[in-house]
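Below is one structure; the comments refer to it alone.
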Amino acid sequence: MHFLIVKLSSIGDVVHAMPAVVALRRAFPTARLTWVVERVAAPLLLGAPGLDEVIVLDTRGWRRQWHRREVLRQAAACLARLRRYPVDVALDFQGLMKSAAVAWYSRARRRIGFATDALREPPGRLAYTEQVAVSPSEHVIRANLRLVEALGVAPPETYEFWLPPLEDEAAYVAGQLSRQGITGRFALLNPGGGWVTKRWPGPTLGISGGVALEAAWTGQCRDLWAG
């Protein structure tokens with residue numbers, strides 16, 4: 001059995017897909033798992049446990065230099081890798097036209113994606129053989145799990161994130177913490193975001209920051225909206 005995971009970007013979205021892929025691996029321990037990802041998020045997957053192959057695309061770079069012969073060779077090589085091993089099931093966790101095209105090009109017998117109303121680019125539905133309904137109120141991790149549940153995979157009790165060692169990144173973070181004199185438990189907040197919906201108002205961010213600090217110091221987390 002060969003599963004093709006299509007989650008191209010961004011970094012946070014790739015992380016959100018990991019629990020579903022881990023659950024898939026646990027349900028099919030001997031299957032072949034291939035993940036297709038964009039170059040920007042590839043370091044999160046290269047060397048990660050549970051994956052047999054990672055195919056790295058650079059569609060943004062290819063679009064900028066599409067006329068160069070070397071770029072055409074790189075794109076052709078990636079497309080060839082998609083068909084090197086026959087794919088049984090392709091799972092599109094992205095919901096875009098380009099991710100649906102990757103699933104379709106793989107020639108997988110089963111190509112599973114989200115229901116049309118949940119797709120960011122609805123025409124992608126034409127590439128699927130099956131679609132899975134999700135609730136708009138569901139967390140994206142739970143929505144991703146619904147795709148593998150269509151294969152009979154039981155939802156996990158806890159979410160697992162299988163990351164590669166990331167030794168260089170860990171050394172960099174350790175150096176930054178040391179220079180700032182930060183030891184023990186700490187909380188890290190990122191108030192910025194590319195989407196308006198990801199930029200919380202100041203008062204709300206302050207409340208969430210207090211909860212994060214409480215969790216960091218006590219090891220316990222309470223529901224932010226429970227009052």
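The way I read the labels, and the way they are meant: chains A, B, ... in the order of the structure tokens, residue 1 as the first residue of every chain, and ligand 1 as the first ligand shown, with later ones counted on from there.
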
For this session: Tell me, as a PyMOL selection string, which residues lie within 10 Å of range 154-167 of chain A, counting only C-alpha atoms; anything in the same chain fewer than 3 positions away does not count.
Result: chain A and resi 15-24+26-27+43-51+141-142+145-146+148-151+170-173

Exercise. Residues at most 7 Å from Gly124 in chain A, counting only C-alpha atoms, excluding those fewer than 5 positions away in the same chain, as a VMD selection string?
Worked result: chain A and resid 95 to 97 100

Residues just named, written with N, CA and C atoms as a tab-separated table (two decimals), in the first residue's frame:
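The resulting file, again.tsv, is reproduced below:
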```tsv
chain	number	residue	atom	x	y	z
A	95	GLY	N	-6.34	21.50	-0.40
A	95	GLY	CA	-7.57	22.06	-0.95
A	95	GLY	C	-7.36	23.15	-1.97
A	96	LEU	N	-6.21	23.15	-2.64
A	96	LEU	CA	-5.93	24.11	-3.70
A	96	LEU	C	-5.90	23.41	-5.05
A	97	MET	N	-5.95	24.19	-6.10
A	97	MET	CA	-5.88	23.62	-7.44
A	97	MET	C	-4.55	22.89	-7.65
A	100	ALA	N	-4.49	19.61	-5.67
A	100	ALA	CA	-5.37	18.64	-6.31
A	100	ALA	C	-4.73	18.10	-7.59
```

For this session: Please run DSSP on the backbone and report, as a VMD selection string, all residues within range 22-158 of chain A that come out as strand (DSSP E).
Result: chain A and resid 32 to 38 53 to 57 89 to 92 110 to 114 130 to 132

Exercise. Near Phe3 in chain A, counting only C-alpha atoms, which residues have an atom at most 9 Å away, once you skip same-chain residues fewer than 5 positions from it, shown as an MDAnalysis selection string?
Worked result: chainID A and resid 31:35 87:91 108

With N, CA and C atoms retained, could you export that selection as an mmCIF file, in the first residue's frame?
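This went into out_34.cif:
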```cif
data_model
loop_
_atom_site.group_PDB
_atom_site.id
_atom_site.type_symbol
_atom_site.label_atom_id
_atom_site.label_comp_id
_atom_site.auth_asym_id
_atom_site.auth_seq_id
_atom_site.Cartn_x
_atom_site.Cartn_y
_atom_site.Cartn_z
ATOM 1 N N ALA A 31 3.027 0.282 5.271
ATOM 2 C CA ALA A 31 2.724 0.994 4.033
ATOM 3 C C ALA A 31 3.859 1.956 3.680
ATOM 4 N N ARG A 32 3.886 2.355 2.426
ATOM 5 C CA ARG A 32 4.828 3.379 1.987
ATOM 6 C C ARG A 32 4.133 4.739 2.073
ATOM 7 N N LEU A 33 4.782 5.693 2.742
ATOM 8 C CA LEU A 33 4.236 7.042 2.892
ATOM 9 C C LEU A 33 5.161 8.040 2.212
ATOM 10 N N THR A 34 4.610 8.752 1.242
ATOM 11 C CA THR A 34 5.346 9.801 0.544
ATOM 12 C C THR A 34 4.627 11.120 0.774
ATOM 13 N N TRP A 35 5.384 12.161 1.116
ATOM 14 C CA TRP A 35 4.800 13.483 1.371
ATOM 15 C C TRP A 35 5.342 14.451 0.321
ATOM 16 N N VAL A 87 0.900 4.732 -6.767
ATOM 17 C CA VAL A 87 0.209 5.265 -5.588
ATOM 18 C C VAL A 87 -1.185 4.657 -5.508
ATOM 19 N N ASP A 88 -1.533 4.152 -4.344
ATOM 20 C CA ASP A 88 -2.870 3.592 -4.126
ATOM 21 C C ASP A 88 -3.859 4.664 -3.683
ATOM 22 N N VAL A 89 -3.422 5.510 -2.746
ATOM 23 C CA VAL A 89 -4.315 6.539 -2.197
ATOM 24 C C VAL A 89 -3.559 7.858 -2.091
ATOM 25 N N ALA A 90 -4.137 8.911 -2.645
ATOM 26 C CA ALA A 90 -3.597 10.267 -2.493
ATOM 27 C C ALA A 90 -4.540 11.066 -1.607
ATOM 28 N N LEU A 91 -3.989 11.707 -0.598
ATOM 29 C CA LEU A 91 -4.771 12.504 0.346
ATOM 30 C C LEU A 91 -4.375 13.970 0.201
ATOM 31 N N ALA A 108 -3.162 8.006 -8.602
ATOM 32 C CA ALA A 108 -3.697 7.197 -7.506
ATOM 33 C C ALA A 108 -5.115 6.732 -7.839
#
```

Problem set entry | DSSP alpha helix (DSSP H) selection over range 32-207 of chain A, as a ChimeraX atom specification | /A:59-64,69-82,97-105,140-149,167-180,202-207

Problem set entry | Nearby residues (only C-alpha atoms) at most 6 Å from Glu38 in chain A, same-chain spacing under 6 positions excluded, as a ChimeraX atom specification | /A:8-9,56-58

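For the pair CA of Trp195 in chain A and CA of Pro136 in chain A, the interatomic distance is 17.5 Å.
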